[in-house]
$ cat structure_31.cif   # mmCIF, C-alpha atoms
data_run
#
loop_
_atom_site.group_PDB
_atom_site.id
_atom_site.type_symbol
_atom_site.label_atom_id
_atom_site.label_comp_id
_atom_site.auth_asym_id
_atom_site.auth_seq_id
_atom_site.Cartn_x
_atom_site.Cartn_y
_atom_site.Cartn_z
ATOM 1 C CA MET A 1 0.000 0.000 0.000
ATOM 2 C CA ILE A 2 1.503 3.312 -1.106
ATOM 3 C CA VAL A 3 -0.197 6.608 -0.257
ATOM 4 C CA GLN A 4 0.879 9.684 -2.198
ATOM 5 C CA ARG A 5 0.362 13.186 -0.879
ATOM 6 C CA SER A 6 1.253 15.124 -4.002
ATOM 7 C CA PHE A 7 2.316 18.454 -2.593
ATOM 8 C CA SER A 8 4.337 16.983 0.261
ATOM 9 C CA ALA A 9 6.046 14.869 -2.386
ATOM 10 C CA THR A 10 6.837 17.818 -4.623
ATOM 11 C CA GLU A 11 8.270 19.743 -1.669
ATOM 12 C CA ALA A 12 10.494 16.753 -0.946
ATOM 13 C CA SER A 13 11.484 16.686 -4.608
ATOM 14 C CA SER A 14 12.637 20.304 -4.465
ATOM 15 C CA ASN A 15 14.892 19.328 -1.560
ATOM 16 C CA GLY A 16 16.523 16.599 -3.654
ATOM 17 C CA ILE A 17 14.870 13.692 -1.799
ATOM 18 C CA ALA A 18 12.757 12.252 -4.630
ATOM 19 C CA GLY A 19 11.731 13.072 -8.157
ATOM 20 C CA THR A 20 8.228 13.821 -9.418
ATOM 21 C CA LEU A 21 6.549 12.781 -12.659
ATOM 22 C CA TYR A 22 4.189 15.489 -13.936
ATOM 23 C CA LEU A 23 1.492 14.533 -16.449
ATOM 24 C CA VAL A 24 0.993 17.779 -18.328
ATOM 25 C CA GLY A 25 -2.070 18.433 -20.453
ATOM 26 C CA THR A 26 -1.360 20.342 -23.669
ATOM 27 C CA PRO A 27 -3.725 21.987 -26.202
ATOM 28 C CA ILE A 28 -5.611 19.777 -28.662
ATOM 29 C CA GLY A 29 -5.594 22.526 -31.284
ATOM 30 C CA ASN A 30 -6.008 25.979 -29.815
ATOM 31 C CA LEU A 31 -2.857 27.206 -28.081
ATOM 32 C CA GLU A 32 -4.948 29.478 -25.850
ATOM 33 C CA ASP A 33 -6.022 26.339 -23.976
ATOM 34 C CA MET A 34 -2.544 25.999 -22.433
ATOM 35 C CA THR A 35 -2.801 26.677 -18.695
ATOM 36 C CA PHE A 36 -0.544 28.989 -16.696
ATOM 37 C CA ARG A 37 0.334 26.061 -14.446
ATOM 38 C CA ALA A 38 1.315 23.839 -17.384
ATOM 39 C CA ILE A 39 3.675 26.525 -18.717
ATOM 40 C CA ARG A 40 5.247 26.981 -15.288
ATOM 41 C CA ILE A 41 5.771 23.253 -14.741
ATOM 42 C CA LEU A 42 7.315 22.781 -18.184
ATOM 43 C CA LYS A 43 9.761 25.586 -17.416
ATOM 44 C CA GLU A 44 10.649 24.290 -13.951
ATOM 45 C CA VAL A 45 11.159 20.553 -14.519
ATOM 46 C CA ASP A 46 14.556 19.058 -15.295
ATOM 47 C CA MET A 47 13.309 17.341 -18.438
ATOM 48 C CA ILE A 48 10.278 16.951 -20.707
ATOM 49 C CA ALA A 49 9.477 13.513 -22.163
ATOM 50 C CA ALA A 50 7.420 13.832 -25.354
ATOM 51 C CA GLU A 51 5.646 11.388 -27.648
ATOM 52 C CA ASP A 52 6.601 13.482 -30.709
ATOM 53 C CA THR A 53 9.518 15.831 -30.059
ATOM 54 C CA ARG A 54 8.969 17.716 -33.335
ATOM 55 C CA GLN A 55 5.403 18.572 -32.377
ATOM 56 C CA THR A 56 6.343 19.454 -28.803
ATOM 57 C CA ARG A 57 9.210 21.714 -29.920
ATOM 58 C CA LYS A 58 6.665 23.947 -31.677
ATOM 59 C CA LEU A 59 4.676 24.227 -28.453
ATOM 60 C CA LEU A 60 7.774 24.961 -26.354
ATOM 61 C CA ALA A 61 8.980 27.581 -28.834
ATOM 62 C CA HIS A 62 5.614 29.352 -28.740
ATOM 63 C CA PHE A 63 5.745 29.652 -24.946
ATOM 64 C CA GLU A 64 9.509 30.310 -24.821
ATOM 65 C CA ILE A 65 10.275 27.147 -22.862
ATOM 66 C CA SER A 66 13.874 25.945 -23.140
ATOM 67 C CA THR A 67 13.742 22.831 -20.930
ATOM 68 C CA ARG A 68 15.620 19.758 -22.188
ATOM 69 C CA LEU A 69 13.396 17.579 -24.387
ATOM 70 C CA VAL A 70 13.688 13.783 -24.750
ATOM 71 C CA SER A 71 11.705 11.221 -26.701
ATOM 72 C CA TYR A 72 9.338 8.689 -25.124
ATOM 73 C CA HIS A 73 6.955 6.831 -27.427
ATOM 74 C CA GLU A 74 5.556 3.396 -28.266
ATOM 75 C CA HIS A 75 8.649 2.289 -30.195
ATOM 76 C CA ASN A 76 11.318 3.265 -27.658
ATOM 77 C CA LYS A 77 9.465 2.894 -24.336
ATOM 78 C CA GLU A 78 11.204 -0.392 -23.456
ATOM 79 C CA ALA A 79 14.563 1.382 -23.454
ATOM 80 C CA SER A 80 13.668 4.940 -22.431
ATOM 81 C CA GLY A 81 11.099 4.031 -19.769
ATOM 82 C CA PRO A 82 13.552 2.438 -17.282
ATOM 83 C CA GLU A 83 16.000 5.314 -17.843
ATOM 84 C CA LEU A 84 13.317 7.886 -17.038
ATOM 85 C CA ILE A 85 12.402 5.937 -13.891
ATOM 86 C CA ARG A 86 16.074 5.890 -12.893
ATOM 87 C CA LEU A 87 16.309 9.664 -13.322
ATOM 88 C CA LEU A 88 13.115 10.192 -11.320
ATOM 89 C CA ALA A 89 14.407 7.939 -8.546
ATOM 90 C CA SER A 90 17.632 9.966 -8.464
ATOM 91 C CA GLY A 91 15.648 13.126 -7.715
ATOM 92 C CA GLN A 92 15.012 14.658 -11.129
ATOM 93 C CA SER A 93 11.571 16.005 -12.025
ATOM 94 C CA ILE A 94 10.140 15.055 -15.419
ATOM 95 C CA ALA A 95 7.088 16.307 -17.309
ATOM 96 C CA LEU A 96 5.360 13.839 -19.606
ATOM 97 C CA VAL A 97 3.412 15.252 -22.569
ATOM 98 C CA SER A 98 1.595 13.647 -25.505
ATOM 99 C CA ASP A 99 1.103 15.071 -28.987
ATOM 100 C CA ALA A 100 -2.048 16.824 -27.767
ATOM 101 C CA GLY A 101 -4.349 16.612 -24.763
ATOM 102 C CA LEU A 102 -3.748 14.575 -21.636
ATOM 103 C CA PRO A 103 -0.850 12.103 -21.611
ATOM 104 C CA ALA A 104 -1.349 8.431 -20.657
ATOM 105 C CA ILE A 105 -4.765 8.182 -22.373
ATOM 106 C CA SER A 106 -4.528 5.812 -25.337
ATOM 107 C CA ASP A 107 -0.770 6.386 -25.408
ATOM 108 C CA PRO A 108 2.375 4.716 -24.014
ATOM 109 C CA GLY A 109 2.558 7.211 -21.167
ATOM 110 C CA ALA A 110 0.318 4.836 -19.213
ATOM 111 C CA ASP A 111 3.212 2.355 -18.986
ATOM 112 C CA LEU A 112 5.547 5.006 -17.582
ATOM 113 C CA VAL A 113 2.940 6.043 -15.020
ATOM 114 C CA ALA A 114 2.476 2.410 -13.915
ATOM 115 C CA ALA A 115 6.238 1.945 -13.545
ATOM 116 C CA ALA A 116 6.558 5.188 -11.576
ATOM 117 C CA ALA A 117 3.705 4.180 -9.261
ATOM 118 C CA GLU A 118 5.332 0.785 -8.622
ATOM 119 C CA SER A 119 8.588 2.566 -7.784
ATOM 120 C CA GLY A 120 6.888 4.859 -5.270
ATOM 121 C CA ILE A 121 7.559 7.974 -7.362
ATOM 122 C CA ALA A 122 5.120 10.859 -6.953
ATOM 123 C CA ILE A 123 2.868 11.370 -9.996
ATOM 124 C CA VAL A 124 1.132 14.744 -10.291
ATOM 125 C CA PRO A 125 -1.561 15.570 -12.889
ATOM 126 C CA ILE A 126 -1.522 19.003 -14.535
ATOM 127 C CA PRO A 127 -5.035 19.112 -16.057
ATOM 128 C CA GLY A 128 -5.692 20.414 -19.536
ATOM 129 C CA ALA A 129 -7.658 19.904 -22.729
ATOM 130 C CA ASN A 130 -9.083 16.478 -23.563
ATOM 131 C CA ALA A 131 -10.788 15.554 -26.831
ATOM 132 C CA ALA A 132 -13.029 12.769 -25.478
ATOM 133 C CA LEU A 133 -14.590 14.826 -22.695
ATOM 134 C CA SER A 134 -14.824 17.934 -24.867
ATOM 135 C CA ALA A 135 -16.757 15.938 -27.464
ATOM 136 C CA LEU A 136 -18.987 14.373 -24.816
ATOM 137 C CA ILE A 137 -20.121 17.655 -23.295
ATOM 138 C CA ILE A 138 -21.162 19.106 -26.671
ATOM 139 C CA SER A 139 -22.717 15.885 -27.993
ATOM 140 C CA GLY A 140 -26.161 16.441 -26.521
ATOM 141 C CA LEU A 141 -26.090 12.862 -25.191
ATOM 142 C CA SER A 142 -26.203 11.695 -21.582
ATOM 143 C CA THR A 143 -23.171 12.559 -19.474
ATOM 144 C CA GLU A 144 -24.429 10.716 -16.385
ATOM 145 C CA LYS A 145 -22.418 7.596 -17.251
ATOM 146 C CA PHE A 146 -19.870 7.284 -20.029
ATOM 147 C CA LEU A 147 -17.238 4.825 -21.186
ATOM 148 C CA PHE A 148 -14.130 5.809 -23.149
ATOM 149 C CA THR A 149 -13.071 2.913 -25.375
ATOM 150 C CA GLY A 150 -10.052 4.310 -27.265
ATOM 151 C CA PHE A 151 -9.666 3.339 -30.940
ATOM 152 C CA PRO A 152 -11.908 0.556 -32.315
ATOM 153 C CA PRO A 153 -10.220 -2.578 -33.753
ATOM 154 C CA ARG A 154 -9.324 -2.283 -37.430
ATOM 155 C CA ASP A 155 -10.490 -5.559 -38.956
ATOM 156 C CA ARG A 156 -14.188 -6.336 -39.264
ATOM 157 C CA LYS A 157 -14.180 -9.557 -37.223
ATOM 158 C CA SER A 158 -12.467 -7.954 -34.221
ATOM 159 C CA LEU A 159 -14.607 -4.821 -34.550
ATOM 160 C CA THR A 160 -17.789 -6.912 -34.545
ATOM 161 C CA ALA A 161 -16.715 -8.801 -31.412
ATOM 162 C CA TRP A 162 -15.688 -5.535 -29.726
ATOM 163 C CA LEU A 163 -19.083 -3.953 -30.414
ATOM 164 C CA GLN A 164 -20.937 -7.055 -29.233
ATOM 165 C CA GLN A 165 -19.218 -6.645 -25.870
ATOM 166 C CA LEU A 166 -20.489 -3.056 -25.731
ATOM 167 C CA GLN A 167 -24.057 -3.715 -26.907
ATOM 168 C CA ARG A 168 -25.601 -3.859 -23.436
ATOM 169 C CA GLN A 169 -23.723 -0.852 -22.069
ATOM 170 C CA GLU A 170 -26.149 1.770 -20.757
ATOM 171 C CA ALA A 171 -23.300 4.290 -20.519
ATOM 172 C CA THR A 172 -22.639 6.720 -23.378
ATOM 173 C CA LEU A 173 -19.782 5.331 -25.481
ATOM 174 C CA ILE A 174 -16.841 7.461 -26.615
ATOM 175 C CA CYS A 175 -14.136 6.421 -29.071
ATOM 176 C CA TYR A 176 -11.682 7.894 -31.558
ATOM 177 C CA GLU A 177 -11.580 7.027 -35.249
ATOM 178 C CA SER A 178 -9.477 8.017 -38.246
ATOM 179 C CA PRO A 179 -11.037 9.582 -41.377
ATOM 180 C CA HIS A 180 -10.151 6.651 -43.648
ATOM 181 C CA ARG A 181 -11.822 4.065 -41.361
ATOM 182 C CA ILE A 182 -14.833 5.922 -39.989
ATOM 183 C CA THR A 183 -17.302 4.953 -42.736
ATOM 184 C CA LYS A 184 -16.611 1.215 -42.325
ATOM 185 C CA THR A 185 -16.704 1.507 -38.539
ATOM 186 C CA LEU A 186 -20.099 3.231 -38.576
ATOM 187 C CA ALA A 187 -21.509 0.545 -40.883
ATOM 188 C CA VAL A 188 -20.583 -2.184 -38.380
ATOM 189 C CA MET A 189 -21.856 -0.052 -35.494
ATOM 190 C CA LEU A 190 -25.232 0.210 -37.231
ATOM 191 C CA GLU A 191 -25.356 -3.583 -37.588
ATOM 192 C CA GLN A 192 -24.366 -4.329 -34.002
ATOM 193 C CA LEU A 193 -25.816 -1.429 -32.002
ATOM 194 C CA GLY A 194 -28.815 -0.450 -34.080
ATOM 195 C CA ASP A 195 -29.580 3.083 -35.247
ATOM 196 C CA ARG A 196 -28.690 4.901 -32.036
ATOM 197 C CA LYS A 197 -28.224 8.616 -31.562
ATOM 198 C CA MET A 198 -24.647 9.784 -31.874
ATOM 199 C CA ALA A 199 -22.377 12.738 -32.506
ATOM 200 C CA MET A 200 -19.320 12.879 -34.765
ATOM 201 C CA VAL A 201 -16.970 15.580 -33.526
ATOM 202 C CA ARG A 202 -13.798 16.723 -35.302
ATOM 203 C CA GLU A 203 -11.257 19.558 -35.287
ATOM 204 C CA LEU A 204 -12.026 20.352 -31.645
ATOM 205 C CA THR A 205 -10.917 23.861 -30.583
ATOM 206 C CA LYS A 206 -9.712 24.624 -34.120
ATOM 207 C CA ARG A 207 -11.119 26.924 -36.793
ATOM 208 C CA HIS A 208 -13.085 24.120 -38.487
ATOM 209 C CA GLU A 209 -14.510 22.574 -35.303
ATOM 210 C CA GLU A 210 -17.594 20.575 -36.223
ATOM 211 C CA ALA A 211 -20.162 18.431 -34.403
ATOM 212 C CA ALA A 212 -22.549 16.401 -36.575
ATOM 213 C CA ARG A 213 -25.432 15.063 -34.453
ATOM 214 C CA GLY A 214 -28.006 12.508 -35.555
ATOM 215 C CA THR A 215 -28.480 8.758 -35.706
ATOM 216 C CA ILE A 216 -25.747 6.405 -36.892
ATOM 217 C CA ALA A 217 -27.512 6.068 -40.261
ATOM 218 C CA GLU A 218 -27.849 9.847 -40.588
ATOM 219 C CA CYS A 219 -24.158 10.302 -39.818
ATOM 220 C CA MET A 220 -23.272 7.741 -42.503
ATOM 221 C CA ALA A 221 -25.400 9.653 -45.000
ATOM 222 C CA TRP A 222 -23.707 12.901 -43.953
ATOM 223 C CA LEU A 223 -20.282 11.413 -44.659
ATOM 224 C CA GLU A 224 -21.394 10.389 -48.157
ATOM 225 C CA GLU A 225 -22.080 14.053 -48.904
ATOM 226 C CA ASN A 226 -19.200 15.419 -46.810
ATOM 227 C CA PRO A 227 -16.036 13.282 -47.115
ATOM 228 C CA PRO A 228 -14.387 12.754 -43.714
ATOM 229 C CA LEU A 229 -11.493 15.023 -42.800
ATOM 230 C CA GLY A 230 -9.356 14.869 -39.664
ATOM 231 C CA GLU A 231 -9.554 12.502 -36.722
ATOM 232 C CA TYR A 232 -13.034 12.038 -35.261
ATOM 233 C CA CYS A 233 -14.293 11.604 -31.739
ATOM 234 C CA LEU A 234 -17.460 9.500 -31.833
ATOM 235 C CA VAL A 235 -19.995 9.763 -29.035
ATOM 236 C CA ILE A 236 -22.707 7.086 -29.176
ATOM 237 C CA ALA A 237 -25.774 6.708 -26.969
ATOM 238 C CA GLY A 238 -25.741 3.696 -24.675
ATOM 239 C CA MET A 239 -28.524 1.146 -24.536
ATOM 240 C CA SER A 240 -31.625 2.707 -22.975
ATOM 241 C CA LYS A 241 -32.936 1.289 -19.694
ATOM 242 C CA GLU A 242 -36.116 0.300 -21.545
ATOM 243 C CA GLU A 243 -34.130 -1.643 -24.177
ATOM 244 C CA SER A 244 -32.050 -3.282 -21.456
ATOM 245 C CA ALA A 245 -35.148 -4.293 -19.497
ATOM 246 C CA GLN A 246 -36.786 -5.666 -22.649
ATOM 247 C CA LEU A 247 -33.716 -7.706 -23.522
ATOM 248 C CA GLN A 248 -33.752 -9.280 -20.109
ATOM 249 C CA LEU A 249 -37.470 -10.058 -20.481
ATOM 250 C CA ASP A 250 -36.757 -11.659 -23.865
ATOM 251 C CA ASP A 251 -33.806 -13.535 -22.399
ATOM 252 C CA PRO A 252 -34.517 -13.752 -18.650
ATOM 253 C CA VAL A 253 -31.685 -16.192 -17.976
ATOM 254 C CA TRP A 254 -28.993 -14.553 -20.094
ATOM 255 C CA TRP A 255 -26.698 -15.069 -17.117
ATOM 256 C CA SER A 256 -27.284 -18.818 -16.803
ATOM 257 C CA GLY A 257 -23.898 -19.726 -18.261
ATOM 258 C CA LEU A 258 -22.000 -17.258 -16.081
ATOM 259 C CA GLU A 259 -20.200 -17.817 -12.806
ATOM 260 C CA LEU A 260 -21.397 -15.600 -9.949
ATOM 261 C CA GLU A 261 -18.366 -13.302 -10.237
ATOM 262 C CA GLU A 262 -18.857 -13.028 -14.010
ATOM 263 C CA HIS A 263 -22.519 -12.141 -13.459
ATOM 264 C CA VAL A 264 -21.553 -9.297 -11.100
ATOM 265 C CA SER A 265 -18.804 -8.171 -13.481
ATOM 266 C CA ARG A 266 -21.262 -7.982 -16.396
ATOM 267 C CA TYR A 267 -23.310 -5.383 -14.509
ATOM 268 C CA GLU A 268 -20.146 -3.505 -13.545
ATOM 269 C CA GLU A 269 -19.188 -3.380 -17.234
ATOM 270 C CA GLN A 270 -22.558 -1.709 -17.852
ATOM 271 C CA GLY A 271 -21.572 1.101 -15.458
ATOM 272 C CA GLU A 272 -23.022 -0.102 -12.146
ATOM 273 C CA ASP A 273 -20.913 0.198 -8.997
ATOM 274 C CA ARG A 274 -20.087 -3.074 -7.212
ATOM 275 C CA LYS A 275 -22.812 -2.662 -4.570
ATOM 276 C CA GLU A 276 -25.550 -2.206 -7.189
ATOM 277 C CA ALA A 277 -24.092 -4.997 -9.364
ATOM 278 C CA ILE A 278 -24.288 -7.416 -6.421
ATOM 279 C CA LYS A 279 -27.859 -6.301 -5.681
ATOM 280 C CA ARG A 280 -28.983 -6.900 -9.292
ATOM 281 C CA THR A 281 -27.194 -10.249 -9.440
ATOM 282 C CA ALA A 282 -28.933 -11.381 -6.251
ATOM 283 C CA LEU A 283 -32.269 -10.274 -7.711
ATOM 284 C CA ASP A 284 -31.651 -12.214 -10.945
ATOM 285 C CA ARG A 285 -30.761 -15.400 -9.111
ATOM 286 C CA GLY A 286 -33.243 -15.157 -6.242
ATOM 287 C CA MET A 287 -30.381 -15.043 -3.727
ATOM 288 C CA GLN A 288 -29.740 -12.934 -0.648
ATOM 289 C CA LYS A 289 -27.440 -9.966 -1.311
ATOM 290 C CA ARG A 290 -25.162 -10.962 1.558
ATOM 291 C CA ASP A 291 -24.710 -14.463 0.068
ATOM 292 C CA VAL A 292 -23.672 -13.007 -3.304
ATOM 293 C CA TYR A 293 -21.380 -10.534 -1.522
ATOM 294 C CA ASN A 294 -19.728 -13.218 0.610
ATOM 295 C CA GLU A 295 -19.185 -15.473 -2.405
ATOM 296 C CA VAL A 296 -17.639 -12.888 -4.760
ATOM 297 C CA MET A 297 -15.548 -11.244 -2.060
ATOM 298 C CA LYS A 298 -13.809 -14.557 -1.303
ATOM 299 C CA LYS A 299 -11.966 -14.239 -4.622
#

$ encode --input "structure_31.cif" --output "structure tokens"
Amino acid sequence: MIVQRSFSATEASSNGIAGTLYLVGTPIGNLEDMTFRAIRILKEVDMIAAEDTRQTRKLLAHFEISTRLVSYHEHNKEASGPELIRLLASGQSIALVSDAGLPAISDPGADLVAAAAESGIAIVPIPGANAALSALIISGLSTEKFLFTGFPPRDRKSLTAWLQQLQRQEATLICYESPHRITKTLAVMLEQLGDRKMAMVRELTKRHEEAARGTIAECMAWLEENPPLGEYCLVIAGMSKEESAQLQLDDPVWWSGLELEEHVSRYEEQGEDRKEAIKRTALDRGMQKRDVYNEVMKK
């Protein structure tokens, strides 16, 4: 058990006791979204680790930041990751940045964060712009529960299986997709999810920012008339409670082939917390909640 108190840790770092890993959010398009705190941290750290040093150099030049810049990305993380951990352990402070937005989300920064946490190194978030959440809040869809799923699989078979796992999710779904794959992805989504409401959001914070809202079929028709440009953030409505209830009426023992723990996990995957998942599992099986709790908590 390791408990981090971020500001005590950073004070210790300044006294040469331990290093700190800063996860610094950077703009996703509009440079005015850079925070004062992010600029200060990037100037004060010993080193900046960037996914794309060419892209980051432009950002640093704009804000007159001269801190040493090193490369950390998917193809060199096996070599550079341990070295960065060694430098952090020796007392150096390092800022991790991605090409745009928050580092460690759908990028190799997550591996560095995990290694730093295992080594007891303080990890401090410096919040900033994020494409997924920015798209969600302008989508017009429910923000009560949402699930970020990264990039969909590329081949049709894997994509179909991936969507089948998400079919029963009541949470709003968020994913990224490239312009040359989006049309095929939407076609499979229509097959597997039905014609749900969705929003296609692109060029967030930039001059050509655009949010196309409609059903999946309407968005496909829109793309036929307006060829896709730029990376998209797709926000798709989750399964409605009415649809979920109807499915369970149509298939009242959908859980019959599942172990008790798997049954609870299925509800958790749909966005329920563990307490509610246990309650619903007990209801399905005609069991006492405490019996379900005692059984799953043994594992």

$ resolve_selection --input "structure_31.cif" --expression "the PyMOL selection byres ((chain A and resi 285) around 10)" --output "PyMOL selection string"
chain A and resi 253+255-256+260+263+280-284+286-288+292

$ resolve_selection --input "structure_31.cif" --expression "the PyMOL selection byres ((chain A and resi 232) around 12)" --output "ChimeraX atom specification"
/A:131-132,135,150-152,174-183,185-186,199-204,209-212,223,228-231,233-235

$ residues_around --input "structure_31.cif" --residues "Thr35 (chain A)" --least-positions-apart "2" --cutoff "10 Å" --atoms "all atoms listed in the file" --output "VMD selection string"
chain A and resid 24 to 27 31 to 33 37 to 40 126 to 129

$ residues_near_point --input "structure_31.cif" --point "(7.6, 15.5, -19.5)" --cutoff "8 Å" --atoms "all atoms listed in the file" --output "list in words"
Leu21, Tyr22, Leu23, Val24, Leu42, Val45, Met47, Ile48, Ala49, Ala50, Leu69, Ile94, Ala95, Leu96 and Val97 of chain A

$ residues_around --input "structure_31.cif" --residues "region 273-279 of chain A" --least-positions-apart "5" --cutoff "7 Å" --atoms "all atoms listed in the file" --output "list in words"
Val264, Tyr267, Glu268, Lys289, Val292 and Tyr293 of chain A

$ atom_distance --input "structure_31.cif" --atom1 "CA of Leu112 (chain A)" --atom2 "CA of Asp99 (chain A)"
15.8 Å

$ closest_residue --input "structure_31.cif" --among "A:Glu261, A:Glu83, A:Glu118, A:Asp195" --to "Ser71 (chain A)" --atoms "all atoms listed in the file"
A:Glu83

$ atom_distance --input "structure_31.cif" --atom1 "CA of Lys157 (chain A)" --atom2 "CA of Ala110 (chain A)"
27.2 Å

$ closest_residue --input "structure_31.cif" --among "A:Glu243, A:Met189, A:Arg168, A:Asn76" --to "Cys219 (chain A)" --atoms "all atoms listed in the file"
A:Met189

$ closest_residue --input "structure_31.cif" --among "A:Ala114, A:Val296, A:Leu133, A:Gln167" --to "Gln192 (chain A)" --atoms "all atoms listed in the file"
A:Gln167

$ atom_distance --input "structure_31.cif" --atom1 "CA of Pro125 (chain A)" --atom2 "CA of Phe36 (chain A)"
14.0 Å

$ closest_residue --input "structure_31.cif" --among "A:Leu258, A:Ala122, A:Ala237, A:Leu163" --to "Glu144 (chain A)" --atoms "only C-alpha atoms"
A:Ala237

$ residues_around --input "structure_31.cif" --residues "Arg196 (chain A)" --least-positions-apart "2" --cutoff "6 Å" --atoms "only C-alpha atoms" --output "list in words"
Gly194, Thr215 and Ile216 of chain A

$ closest_residue --input "structure_31.cif" --among "A:Leu59, A:Ala100, A:Ile123, A:Met220" --to "Leu88 (chain A)" --atoms "only C-alpha atoms"
A:Ile123

$ resolve_selection --input "structure_31.cif" --expression "the PyMOL selection byres ((chain A and resi 214) around 6)" --output "PyMOL selection string"
chain A and resi 197-198+213+215+218

$ residues_around --input "structure_31.cif" --residues "Pro108 (chain A)" --least-positions-apart "2" --cutoff "10 Å" --atoms "all atoms listed in the file" --output "number ranges by chain"
A: 51, 72-77, 81, 98, 103-106, 110-113

$ residues_near_point --input "structure_31.cif" --point "(-21.2, -3.0, -17.6)" --cutoff "9 Å" --atoms "all atoms listed in the file" --output "list in words"
Leu166, Arg168, Gln169, Glu170, Ala171, Ser265, Arg266, Tyr267, Glu268, Glu269, Gln270, Gly271, Glu272 and Ala277 of chain A

$ build_atoms --input "structure_31.cif" --residues "region 266-279 of chain A" --atoms "N, CA and C atoms" --output "compact mmCIF listing (two decimals), keeping the file's coordinate frame"
# COMPACT_ATOMS: atom_id res chain seq x y z
N ARG A 266 -20.51 -8.42 -15.23
CA ARG A 266 -21.26 -7.98 -16.40
C ARG A 266 -22.02 -6.68 -16.09
N TYR A 267 -22.61 -6.61 -14.89
CA TYR A 267 -23.31 -5.38 -14.51
C TYR A 267 -22.33 -4.23 -14.29
N GLU A 268 -21.16 -4.55 -13.74
CA GLU A 268 -20.15 -3.50 -13.54
C GLU A 268 -19.69 -2.95 -14.89
N GLU A 269 -19.58 -3.81 -15.90
CA GLU A 269 -19.19 -3.38 -17.23
C GLU A 269 -20.23 -2.45 -17.84
N GLN A 270 -21.48 -2.57 -17.37
CA GLN A 270 -22.56 -1.71 -17.85
C GLN A 270 -22.60 -0.38 -17.10
N GLY A 271 -21.67 -0.18 -16.14
CA GLY A 271 -21.57 1.10 -15.46
C GLY A 271 -22.06 1.10 -14.02
N GLU A 272 -22.56 -0.05 -13.53
CA GLU A 272 -23.02 -0.10 -12.15
C GLU A 272 -21.82 -0.19 -11.20
N ASP A 273 -21.98 0.40 -9.99
CA ASP A 273 -20.91 0.20 -9.00
C ASP A 273 -21.08 -1.22 -8.41
N ARG A 274 -20.09 -1.66 -7.66
CA ARG A 274 -20.09 -3.07 -7.21
C ARG A 274 -21.29 -3.39 -6.33
N LYS A 275 -21.68 -2.44 -5.47
CA LYS A 275 -22.81 -2.66 -4.57
C LYS A 275 -24.10 -2.91 -5.36
N GLU A 276 -24.34 -2.07 -6.37
CA GLU A 276 -25.55 -2.21 -7.19
C GLU A 276 -25.47 -3.47 -8.05
N ALA A 277 -24.27 -3.79 -8.55
CA ALA A 277 -24.09 -5.00 -9.36
C ALA A 277 -24.42 -6.25 -8.56
N ILE A 278 -23.99 -6.28 -7.30
CA ILE A 278 -24.29 -7.42 -6.42
C ILE A 278 -25.79 -7.50 -6.15
N LYS A 279 -26.41 -6.34 -5.93
CA LYS A 279 -27.86 -6.30 -5.68
C LYS A 279 -28.64 -6.86 -6.87
